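Engineer: So that you have it, the file is query.cif, and it contains mmCIF, C-alpha atoms:
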data_query
loop_
_atom_site.label_atom_id
_atom_site.label_comp_id
_atom_site.auth_asym_id
_atom_site.auth_seq_id
_atom_site.Cartn_x
_atom_site.Cartn_y
_atom_site.Cartn_z
CA MET V 1 132.20 51.35 -48.53
CA LYS V 2 134.78 53.53 -46.67
CA LYS V 3 133.17 52.83 -43.28
CA THR V 4 133.21 49.10 -43.96
CA LEU V 5 136.89 49.21 -44.88
CA ILE V 6 137.78 51.19 -41.74
CA TYR V 7 135.84 48.68 -39.61
CA MET V 8 137.68 45.78 -41.16
CA LEU V 9 141.04 47.45 -40.57
CA VAL V 10 140.20 48.15 -36.91
CA ALA V 11 138.95 44.59 -36.35
CA GLY V 12 142.07 43.20 -37.95
CA SER V 13 144.27 45.33 -35.69
CA ILE V 14 142.46 44.11 -32.57
CA LEU V 15 142.84 40.48 -33.67
CA SER V 16 146.54 41.04 -34.36
CA LEU V 17 147.07 42.59 -30.93
CA ALA V 18 145.23 39.72 -29.27
CA SER V 19 147.36 37.20 -31.10
CA CYS V 20 150.57 38.94 -30.05
CA LYS V 21 149.41 39.09 -26.46
CA LYS V 22 148.51 35.41 -26.47
CA ASN V 23 151.87 34.47 -28.02
CA ASN V 24 153.71 36.55 -25.42
CA LEU V 25 151.89 34.71 -22.67
CA VAL V 26 153.07 31.38 -24.06
CA VAL V 27 156.65 32.58 -24.42
CA ASP V 28 156.76 34.07 -20.94
CA LYS V 29 155.24 30.96 -19.27
CA ASP V 30 157.62 28.80 -17.20
CA VAL V 31 157.63 25.38 -18.90
CA THR V 32 160.42 23.82 -16.81
CA PRO V 33 159.36 20.20 -16.15
CA PRO V 34 159.11 19.00 -12.54
CA SER V 35 161.95 16.83 -11.26
CA PHE V 36 161.11 13.48 -9.70
CA ALA V 37 162.47 9.95 -9.50
CA LYS V 38 160.94 7.14 -11.56
CA PHE V 39 161.52 3.77 -13.16
CA ASN V 40 162.53 4.61 -16.71
CA THR V 41 160.44 1.96 -18.44
CA SER V 42 156.97 1.88 -19.98
CA ALA V 43 156.37 -1.54 -18.42
CA THR V 44 155.13 -1.77 -14.84
CA SER V 45 156.05 -5.42 -14.34
CA GLY V 46 158.54 -8.07 -15.47
CA THR V 47 159.67 -11.66 -14.93
CA TYR V 48 163.08 -12.64 -13.59
CA TYR V 49 164.30 -16.18 -14.26
CA ILE V 50 167.03 -16.87 -11.70
CA LYS V 51 169.81 -19.07 -13.08
CA SER V 52 172.68 -20.95 -11.45
CA THR V 53 175.03 -18.51 -13.21
CA ASN V 54 173.84 -15.77 -10.83
CA ASN V 55 172.36 -13.63 -13.59
CA THR V 56 170.89 -10.33 -12.39
CA TYR V 57 167.78 -8.33 -13.23
CA ARG V 58 168.55 -4.78 -14.33
CA LEU V 59 165.88 -2.12 -14.03
CA PRO V 60 166.34 1.41 -15.49
CA ILE V 61 165.90 4.08 -12.82
CA GLY V 62 166.42 7.82 -12.82
CA PHE V 63 165.17 11.39 -12.55
CA THR V 64 163.28 13.50 -15.03
CA THR V 65 166.00 16.19 -14.90
CA VAL V 66 169.77 16.42 -14.53
CA SER V 67 171.26 17.94 -11.37
CA ASP V 68 174.69 19.31 -10.47
CA LYS V 69 174.71 17.30 -7.22
CA ASP V 70 174.31 13.67 -6.18
CA ARG V 71 170.74 12.60 -5.44
CA THR V 72 169.56 9.66 -3.34
CA ILE V 73 166.53 7.55 -4.17
CA ASN V 74 165.18 5.37 -1.34
CA ILE V 75 163.59 2.06 -2.30
CA SER V 76 161.28 -0.35 -0.45
CA TYR V 77 160.52 -3.99 -1.20
CA GLU V 78 157.38 -5.97 -0.35
CA SER V 79 156.51 -9.57 -1.19
CA SER V 80 153.05 -11.09 -0.81
CA THR V 81 154.59 -14.52 -1.38
CA GLY V 82 157.24 -14.28 1.34
CA ALA V 83 160.37 -13.55 -0.69
CA ALA V 84 163.00 -12.33 1.77
CA ALA V 85 166.13 -10.24 1.29
CA GLY V 86 169.21 -12.41 1.75
CA VAL V 87 167.22 -15.59 1.07
CA GLN V 88 165.50 -15.19 -2.31
CA TYR V 89 167.17 -11.97 -3.47
CA ASN V 90 169.54 -9.12 -2.67
CA ALA V 91 168.80 -5.51 -3.58
CA PRO V 92 169.86 -2.05 -2.33
CA SER V 93 167.54 -0.02 -0.09
CA SER V 94 168.79 3.21 -1.63
CA PHE V 95 170.34 4.36 -4.86
CA VAL V 96 172.63 7.32 -5.52
CA MET V 97 172.26 9.12 -8.82
CA PRO V 98 175.62 10.83 -9.52
CA ALA V 99 175.72 14.53 -10.33
CA GLY V 100 175.34 15.20 -14.03
CA LYS V 101 173.35 11.99 -14.63
CA ALA V 102 169.62 11.41 -14.85
CA LEU V 103 169.56 7.71 -15.74
CA ASP V 104 171.21 4.61 -14.27
CA THR V 105 170.38 0.98 -13.44
CA LEU V 106 168.97 -0.68 -10.32
CA THR V 107 170.32 -4.24 -10.03
CA ILE V 108 168.34 -7.05 -8.36
CA SER V 109 170.32 -10.22 -7.58
CA GLY V 110 168.24 -13.39 -7.29
CA LEU V 111 169.61 -16.18 -5.10
CA TYR V 112 169.46 -19.54 -6.87
CA SER V 113 169.74 -21.38 -3.57
CA GLY V 114 166.52 -19.70 -2.46
CA TYR V 115 164.60 -21.59 -5.13
CA PRO V 116 165.11 -25.32 -4.51
CA SER V 117 162.09 -26.06 -6.72
CA SER V 118 160.82 -24.51 -9.94
CA THR V 119 157.33 -24.54 -8.42
CA ARG V 120 158.22 -21.61 -6.15
CA ILE V 121 157.18 -18.30 -7.71
CA ASP V 122 157.62 -15.01 -5.86
CA ILE V 123 156.13 -11.57 -6.40
CA LEU V 124 158.34 -8.64 -5.42
CA LYS V 125 156.84 -5.13 -5.31
CA ILE V 126 159.56 -2.48 -5.69
CA THR V 127 158.61 1.07 -4.74
CA LEU V 128 160.52 4.35 -4.96
CA THR V 129 159.68 5.95 -1.61
CA ASP V 130 161.56 9.25 -1.50
CA GLY V 131 164.87 10.97 -2.16
CA ASP V 132 166.35 14.42 -2.63
CA VAL V 133 163.30 14.98 -4.83
CA PRO V 134 160.40 12.76 -3.71
CA ALA V 135 158.98 10.39 -6.29
CA ASN V 136 155.46 11.15 -7.44
CA ASP V 137 152.92 8.54 -8.50
CA TYR V 138 154.27 8.24 -12.04
CA ASN V 139 156.32 5.05 -12.59
CA LYS V 140 157.25 4.72 -8.92
CA VAL V 141 156.18 1.06 -8.54
CA PHE V 142 157.50 -1.98 -10.43
CA THR V 143 156.30 -5.55 -9.82
CA LEU V 144 158.81 -8.32 -10.41
CA THR V 145 157.93 -12.01 -10.69
CA MET V 146 160.88 -14.20 -9.63
CA ARG V 147 161.26 -17.91 -10.35
CA LYS V 148 163.92 -20.55 -10.85
CA TYR V 149 165.30 -21.37 -14.27
CA CYS V 150 167.15 -24.60 -14.99
CA ASP V 151 169.33 -24.84 -18.07
CA VAL V 152 168.17 -27.56 -20.44
CA VAL V 153 170.76 -30.35 -20.49
CA LEU V 154 169.43 -32.77 -23.08
CA ALA V 155 171.36 -35.74 -21.71
CA ASN V 156 169.61 -35.28 -18.37
CA LEU V 157 166.19 -35.66 -20.00
CA ALA V 158 166.97 -39.06 -21.49
CA GLY V 159 166.08 -42.32 -19.77
CA ASP V 160 163.20 -44.11 -18.10
CA TYR V 161 160.28 -42.38 -16.43
CA THR V 162 158.89 -44.96 -14.02
CA LEU V 163 156.08 -42.72 -12.76
CA THR V 164 154.02 -42.37 -15.92
CA TYR V 165 150.27 -41.85 -15.53
CA GLU V 166 147.25 -41.26 -17.75
CA ASN V 167 144.88 -38.59 -16.43
CA GLY V 168 146.49 -39.06 -13.02
CA SER V 169 144.77 -42.39 -12.47
CA TYR V 170 145.97 -45.18 -14.77
CA GLY V 171 149.55 -46.13 -13.84
CA PRO V 172 152.23 -45.96 -12.84
CA TYR V 173 154.08 -47.55 -15.72
CA THR V 174 157.41 -46.86 -17.43
CA SER V 175 157.85 -44.68 -20.50
CA THR V 176 161.18 -43.68 -22.05
CA ILE V 177 162.80 -40.64 -23.66
CA SER V 178 165.63 -41.53 -26.07
CA ASN V 179 167.38 -40.49 -29.29
CA ILE V 180 167.53 -36.82 -28.30
CA VAL V 181 168.96 -34.68 -31.11
CA SER V 182 169.61 -30.93 -30.89
CA THR V 183 168.02 -29.00 -33.76
CA GLY V 184 169.00 -25.50 -32.62
CA ALA V 185 170.11 -23.45 -29.64
CA THR V 186 166.78 -24.01 -27.87
CA THR V 187 165.11 -26.86 -29.77
CA ALA V 188 165.50 -30.63 -30.08
CA THR V 189 163.72 -33.80 -31.12
CA ALA V 190 163.43 -37.07 -29.17
CA THR V 191 161.70 -40.43 -29.23
CA LEU V 192 158.94 -41.06 -26.69
CA SER V 193 158.34 -44.78 -26.13
CA ASN V 194 155.57 -46.86 -24.54
CA ILE V 195 152.80 -44.37 -25.15
CA TYR V 196 149.44 -45.55 -23.80
CA ASP V 197 151.34 -48.36 -22.05
CA SER V 198 151.07 -50.17 -25.37
CA GLY V 199 154.60 -50.02 -26.77
CA ILE V 200 153.76 -47.13 -29.09
CA SER V 201 156.71 -44.90 -30.03
CA ALA V 202 156.61 -41.44 -31.61
CA THR V 203 158.89 -38.51 -32.31
CA ILE V 204 158.34 -35.41 -30.18
CA GLY V 205 159.72 -31.89 -30.46
CA LEU V 206 161.15 -29.90 -27.54
CA ASP V 207 161.26 -26.10 -27.54
CA TRP V 208 162.53 -23.99 -24.63
CA THR V 209 162.97 -20.70 -26.51
CA ASP V 210 160.53 -18.96 -24.17
CA PRO V 211 161.65 -19.46 -20.53
CA ALA V 212 158.02 -19.09 -19.44
CA ASN V 213 156.67 -21.63 -21.91
CA PHE V 214 158.62 -24.86 -22.49
CA LYS V 215 156.81 -26.71 -25.28
CA VAL V 216 156.40 -30.33 -26.35
CA THR V 217 155.04 -30.96 -29.85
CA MET V 218 154.00 -34.15 -31.62
CA ALA V 219 152.83 -34.34 -35.22
CA SER V 220 150.41 -37.05 -36.32
CA GLN V 221 152.16 -40.45 -36.54
CA SER V 222 151.27 -44.09 -37.05
CA THR V 223 151.00 -46.34 -34.02
CA GLY V 224 151.18 -49.65 -35.89
CA PHE V 225 147.72 -50.51 -34.61
CA THR V 226 144.27 -50.38 -36.17
CA SER V 227 140.81 -49.65 -34.82
CA GLY V 228 137.68 -50.74 -36.68
CA GLY V 229 139.92 -51.79 -39.54
CA LEU V 230 141.36 -48.27 -39.85
CA PRO V 231 144.94 -47.18 -39.10
CA LEU V 232 145.26 -45.85 -35.54
CA LEU V 233 147.28 -42.63 -35.28
CA VAL V 234 148.71 -40.63 -32.36
CA ARG V 235 149.18 -36.86 -32.08
CA ALA V 236 149.36 -34.04 -29.57
CA ASN V 237 145.91 -32.86 -28.52
CA ALA V 238 145.15 -29.33 -29.71
CA THR V 239 143.95 -28.54 -26.19
CA GLY V 240 145.62 -29.43 -22.90
CA VAL V 241 149.10 -28.97 -21.46
CA LYS V 242 152.15 -29.90 -23.54
CA THR V 243 155.27 -28.98 -21.58
CA PHE V 244 158.34 -30.25 -19.75
CA SER V 245 160.51 -29.16 -16.83
CA SER V 246 164.29 -29.14 -16.96
CA CYS V 247 164.38 -28.60 -13.20
CA GLU V 248 162.31 -31.61 -12.14
CA ASN V 249 162.82 -33.73 -15.30
CA THR V 250 159.09 -34.14 -15.83
CA PHE V 251 156.80 -34.13 -18.86
CA SER V 252 153.10 -33.44 -19.24
CA ILE V 253 151.68 -34.07 -22.72
CA ALA V 254 148.07 -33.98 -23.90
CA LEU V 255 147.66 -36.78 -26.47
CA GLN V 256 145.05 -38.33 -28.74
CA LEU V 257 144.62 -41.65 -30.49
CA TYR V 258 142.39 -41.37 -33.53
CA THR V 259 141.39 -42.80 -36.88
CA SER V 260 139.85 -41.21 -39.95
CA ALA V 261 136.48 -42.12 -38.40
CA GLY V 262 137.03 -40.10 -35.21
CA ILE V 263 138.78 -39.86 -31.83
CA TYR V 264 139.63 -43.16 -30.17
CA ASP V 265 140.87 -41.68 -26.85
CA SER V 266 142.23 -38.42 -25.38
CA TRP V 267 144.30 -38.18 -22.20
CA GLN V 268 146.99 -36.26 -20.30
CA MET V 269 150.23 -38.22 -20.09
CA THR V 270 152.42 -37.20 -17.15
CA MET V 271 155.95 -38.53 -16.70
CA ALA V 272 158.32 -38.38 -13.75
CA ARG V 273 161.39 -40.33 -12.58
#
Represent the supplied structure as C-alpha cells.

Structural biologist:
Amino acid sequence: MKKTLIYMLVAGSILSLASCKKNNLVVDKDVTPPSFAKFNTSATSGTYYIKSTNNTYRLPIGFTTVSDKDRTINISYESSTGAAAGVQYNAPSSFVMPAGKALDTLTISGLYSGYPSSTRIDILKITLTDGDVPANDYNKVFTLTMRKYCDVVLANLAGDYTLTYENGSYGPYTSTISNIVSTGATTATATLSNIYDSGISATIGLDWTDPANFKVTMASQSTGFTSGGLPLLVRANATGVKTFSSCENTFSIALQLYTSAGIYDSWQMTMAR
C-alpha cells in the first residue's frame, strides 16, 4: 500500500511539472499577428449601380495592425469587359493609411456618362498589390460589377408602346400603360391595355425595391371574354421574365390566358416605344 501511494505521488508530480512546462511554453510564445493589407469585408464581390447623382462605391480597406507611421497600399485594376479609368470609373492607384489607423475606405467613382445603355455591364477586378507591408493572399482581391441605374420616374413609363410583340414574332402593335399610382417608395400599380392585341386591360404591379430585379406582377383578372363557354382569365405566368427597364422604358411580361378547364395560351409580351 505504501509503495503504491509513493508511486502515485511521484506520477502526480511529474504530470504537474509537465503541465507547468507546457503552460510556460504557451505564455512565452510570440503570438503577435502578422501585419498585412486587406479588404475589410467578408464578401469578395459586390454590385455597383451607377446613378446620375454620381453616387460612389465605398469599400472598407485596411491593415491587420495599427502603426505609428503612414503606410501606402498600392492598388491595381483589371477589367475583362473593357471598363477604362476616366471613361467608366475613377479610382486611386494607391491609398495612404494614416498613422494610428488600421481601417479606412477606398472610394470608387462610377461615371454615368460611360454607361449610355443599361445593357452595358462591366466587371472590375481590384487587387491590393503591395505597400509598406505587402498584402498576402487573404482578402486582397475584390470583384466589382458595375452597371447603370436609372431612377424610376413613373410619369415617364406612361403612354403608348408601339413596338409590342408576342414571343418576338406576332406584332408590332400598340399597347398602353396608364393610371400609374404610387403605392410606396419603390412600388406602384398601373393599367396595361390591349393585351393580346384584343383590347384586354388588366392591373399590373411595379416593384423596383431591388435594383438588380425590377418586377412586374399581375394577379388573375377577367378579360371579358369566354372560351368554350367558360370565363377567360389573364394572369402573369409563373415562369418566364416579368420585368421592366426605367432606362429604356421597356417591359417584358410572361402572360397566360386560361379558363377553369386549362391554359388557353402562354406568351412573352415585350413592349417598347

Engineer: Apply the PyMOL selection byres ((chain V and resi 47-58) around 9) to the structure shown and report the selected residues as a list in words.

Structural biologist: Ser45, Gly46, Leu59, Pro60, Thr105, Leu106, Thr107, Ile108, Ser109, Gly110, Leu111, Tyr112, Ser113, Tyr115, Thr143, Leu144, Thr145, Met146, Arg147, Lys148, Tyr149, Cys150, Asp151, Pro211 and Ala212 of chain V

Engineer: Excluding V:Thr243 and its own-chain neighbours fewer than 3 positions away, which residues fall within 6 Å of it when counting only C-alpha atoms? Please give them as a VMD selection string.

Structural biologist: chain V and resid 214 to 216 252

Engineer: Would you write out, as a ChimeraX atom specification, every residue that the PyMOL selection byres ((chain V and resi 261) around 10) captures in this file?

Structural biologist: /V:227-228,230-232,258-260,262-264

Engineer: With distances taken over only C-alpha atoms, which of V:Ala83, V:Leu103, V:Met269, V:Val96 is nearest to V:Thr64?

Structural biologist: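 Nearest to V:Thr64: V:Leu103.
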
Engineer: Quick one: apply the PyMOL selection byres ((chain V and resi 246) around 12) to the file and drop the selected residues here as a short mmCIF file (atom, residue, chain, number, x, y, z; two decimals) with C-alpha atoms, in the coordinates of the input.

Structural biologist:
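To be explicit, this is the file written out as part01.cif:
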data_model
loop_
_atom_site.label_atom_id
_atom_site.label_comp_id
_atom_site.auth_asym_id
_atom_site.auth_seq_id
_atom_site.Cartn_x
_atom_site.Cartn_y
_atom_site.Cartn_z
CA SER V 117 162.09 -26.06 -6.72
CA SER V 118 160.82 -24.51 -9.94
CA THR V 119 157.33 -24.54 -8.42
CA LYS V 148 163.92 -20.55 -10.85
CA TYR V 149 165.30 -21.37 -14.27
CA CYS V 150 167.15 -24.60 -14.99
CA ASP V 151 169.33 -24.84 -18.07
CA VAL V 152 168.17 -27.56 -20.44
CA VAL V 153 170.76 -30.35 -20.49
CA LEU V 154 169.43 -32.77 -23.08
CA ALA V 155 171.36 -35.74 -21.71
CA ASN V 156 169.61 -35.28 -18.37
CA LEU V 157 166.19 -35.66 -20.00
CA ALA V 158 166.97 -39.06 -21.49
CA LEU V 206 161.15 -29.90 -27.54
CA ASP V 207 161.26 -26.10 -27.54
CA TRP V 208 162.53 -23.99 -24.63
CA PRO V 211 161.65 -19.46 -20.53
CA ASN V 213 156.67 -21.63 -21.91
CA PHE V 214 158.62 -24.86 -22.49
CA LYS V 215 156.81 -26.71 -25.28
CA THR V 243 155.27 -28.98 -21.58
CA PHE V 244 158.34 -30.25 -19.75
CA SER V 245 160.51 -29.16 -16.83
CA CYS V 247 164.38 -28.60 -13.20
CA GLU V 248 162.31 -31.61 -12.14
CA ASN V 249 162.82 -33.73 -15.30
CA THR V 250 159.09 -34.14 -15.83
CA PHE V 251 156.80 -34.13 -18.86
CA ALA V 272 158.32 -38.38 -13.75
#

Engineer: With all atoms listed in the file as the atoms that count, which of V:Ser67, V:Gln88, V:Ser175, V:Ser201 lies nearest to V:Gly224?

Structural biologist: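 When distances to V:Gly224 are compared using all atoms listed in the file, the smallest one comes from V:Ser201.
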
Engineer: Please give the centre and size of the box around stretch 233-249 of chain V (axis-aligned, containing every atom listed in the file, 8 Å added per side), with values in Å to one decimal and written as JSON.

Structural biologist:
{"center_x": 154.2, "center_y": -35.6, "center_z": -23.7, "size_x": 36.4, "size_y": 30.1, "size_z": 39.1}

Engineer: Give as a compact mmCIF listing (two decimals) with C-alpha atoms, in the frame of the given file every residue, naming chains and numbers as the document does, that has an atom within 7 Å of (151.4, -38.1, -34.1), counting only C-alpha atoms.

Structural biologist:
# COMPACT_ATOMS: atom_id res chain seq x y z
CA ALA V 202 156.61 -41.44 -31.61
CA MET V 218 154.00 -34.15 -31.62
CA ALA V 219 152.83 -34.34 -35.22
CA SER V 220 150.41 -37.05 -36.32
CA GLN V 221 152.16 -40.45 -36.54
CA SER V 222 151.27 -44.09 -37.05
CA LEU V 233 147.28 -42.63 -35.28
CA VAL V 234 148.71 -40.63 -32.36
CA ARG V 235 149.18 -36.86 -32.08
CA ALA V 236 149.36 -34.04 -29.57

Engineer: Looking at only C-alpha atoms, which of V:Gly100, V:Phe142, V:Ser94, V:Asp130 is the one that sits closest to V:Phe39?

Structural biologist: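 Under the stated criterion, the closest residue is V:Phe142.
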
Engineer: Which value, in Å to one decimal, gives the distance between atom CA of V:Trp267 and atom CA of V:Arg120?

Structural biologist: 26.9 Å

Engineer: Suppose you want the space between atom CA of V:Leu124 and atom CA of V:Arg71; what is it in Å?

Structural biologist: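 Computing it gives 24.6 Å between the two atoms.
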
Engineer: Residues near V:Ala254, anyone? I mean within 6 Å using all atoms listed in the file, not counting same-chain ones fewer than 6 positions away, as number ranges by chain.

Structural biologist: V: 236-237, 240-242, 267-268

Engineer: Would you mind reading off the distance between atom CA of V:Thr189 and atom CA of V:Thr162, one decimal, in Å?

Structural biologist: 21.0 Å

Engineer: Of the candidates V:Thr239, V:Ser169, V:Thr164, V:Thr217, which shows the shortest atom-to-atom distance to V:Ile195, using only C-alpha atoms?

Structural biologist: V:Thr164

Engineer: Can you rebuild stretch 218-229 of chain V with N, CA and C atoms and give it as a PDB file, keeping the file's coordinate frame?

Structural biologist:
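rebuild-v5.pdb was written with the following content:
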ATOM      1  N   MET V 218     154.030 -32.815 -30.997  1.00  0.00           N
ATOM      2  CA  MET V 218     154.000 -34.150 -31.620  1.00  0.00           C
ATOM      3  C   MET V 218     153.081 -34.093 -32.834  1.00  0.00           C
ATOM      4  N   ALA V 219     153.643 -34.282 -33.997  1.00  0.00           N
ATOM      5  CA  ALA V 219     152.830 -34.340 -35.220  1.00  0.00           C
ATOM      6  C   ALA V 219     152.144 -35.706 -35.290  1.00  0.00           C
ATOM      7  N   SER V 220     151.142 -35.804 -36.142  1.00  0.00           N
ATOM      8  CA  SER V 220     150.410 -37.050 -36.320  1.00  0.00           C
ATOM      9  C   SER V 220     151.350 -38.154 -36.827  1.00  0.00           C
ATOM     10  N   GLN V 221     151.288 -39.319 -36.178  1.00  0.00           N
ATOM     11  CA  GLN V 221     152.160 -40.450 -36.540  1.00  0.00           C
ATOM     12  C   GLN V 221     151.427 -41.771 -36.379  1.00  0.00           C
ATOM     13  N   SER V 222     151.880 -42.757 -37.118  1.00  0.00           N
ATOM     14  CA  SER V 222     151.270 -44.090 -37.050  1.00  0.00           C
ATOM     15  C   SER V 222     151.656 -44.787 -35.750  1.00  0.00           C
ATOM     16  N   THR V 223     150.726 -45.562 -35.230  1.00  0.00           N
ATOM     17  CA  THR V 223     151.000 -46.340 -34.020  1.00  0.00           C
ATOM     18  C   THR V 223     151.323 -47.801 -34.330  1.00  0.00           C
ATOM     19  N   GLY V 224     151.010 -48.241 -35.549  1.00  0.00           N
ATOM     20  CA  GLY V 224     151.180 -49.650 -35.890  1.00  0.00           C
ATOM     21  C   GLY V 224     149.966 -50.483 -35.536  1.00  0.00           C
ATOM     22  N   PHE V 225     148.948 -49.813 -34.959  1.00  0.00           N
ATOM     23  CA  PHE V 225     147.720 -50.510 -34.610  1.00  0.00           C
ATOM     24  C   PHE V 225     146.583 -50.050 -35.521  1.00  0.00           C
ATOM     25  N   THR V 226     145.475 -50.778 -35.456  1.00  0.00           N
ATOM     26  CA  THR V 226     144.270 -50.380 -36.170  1.00  0.00           C
ATOM     27  C   THR V 226     143.094 -50.384 -35.205  1.00  0.00           C
ATOM     28  N   SER V 227     142.055 -49.663 -35.592  1.00  0.00           N
ATOM     29  CA  SER V 227     140.810 -49.650 -34.820  1.00  0.00           C
ATOM     30  C   SER V 227     139.657 -49.626 -35.801  1.00  0.00           C
ATOM     31  N   GLY V 228     138.784 -50.641 -35.723  1.00  0.00           N
ATOM     32  CA  GLY V 228     137.680 -50.740 -36.680  1.00  0.00           C
ATOM     33  C   GLY V 228     138.179 -50.934 -38.093  1.00  0.00           C
ATOM     34  N   GLY V 229     139.340 -51.555 -38.226  1.00  0.00           N
ATOM     35  CA  GLY V 229     139.920 -51.790 -39.540  1.00  0.00           C
ATOM     36  C   GLY V 229     140.632 -50.597 -40.131  1.00  0.00           C
TER      37      GLY V 229
END
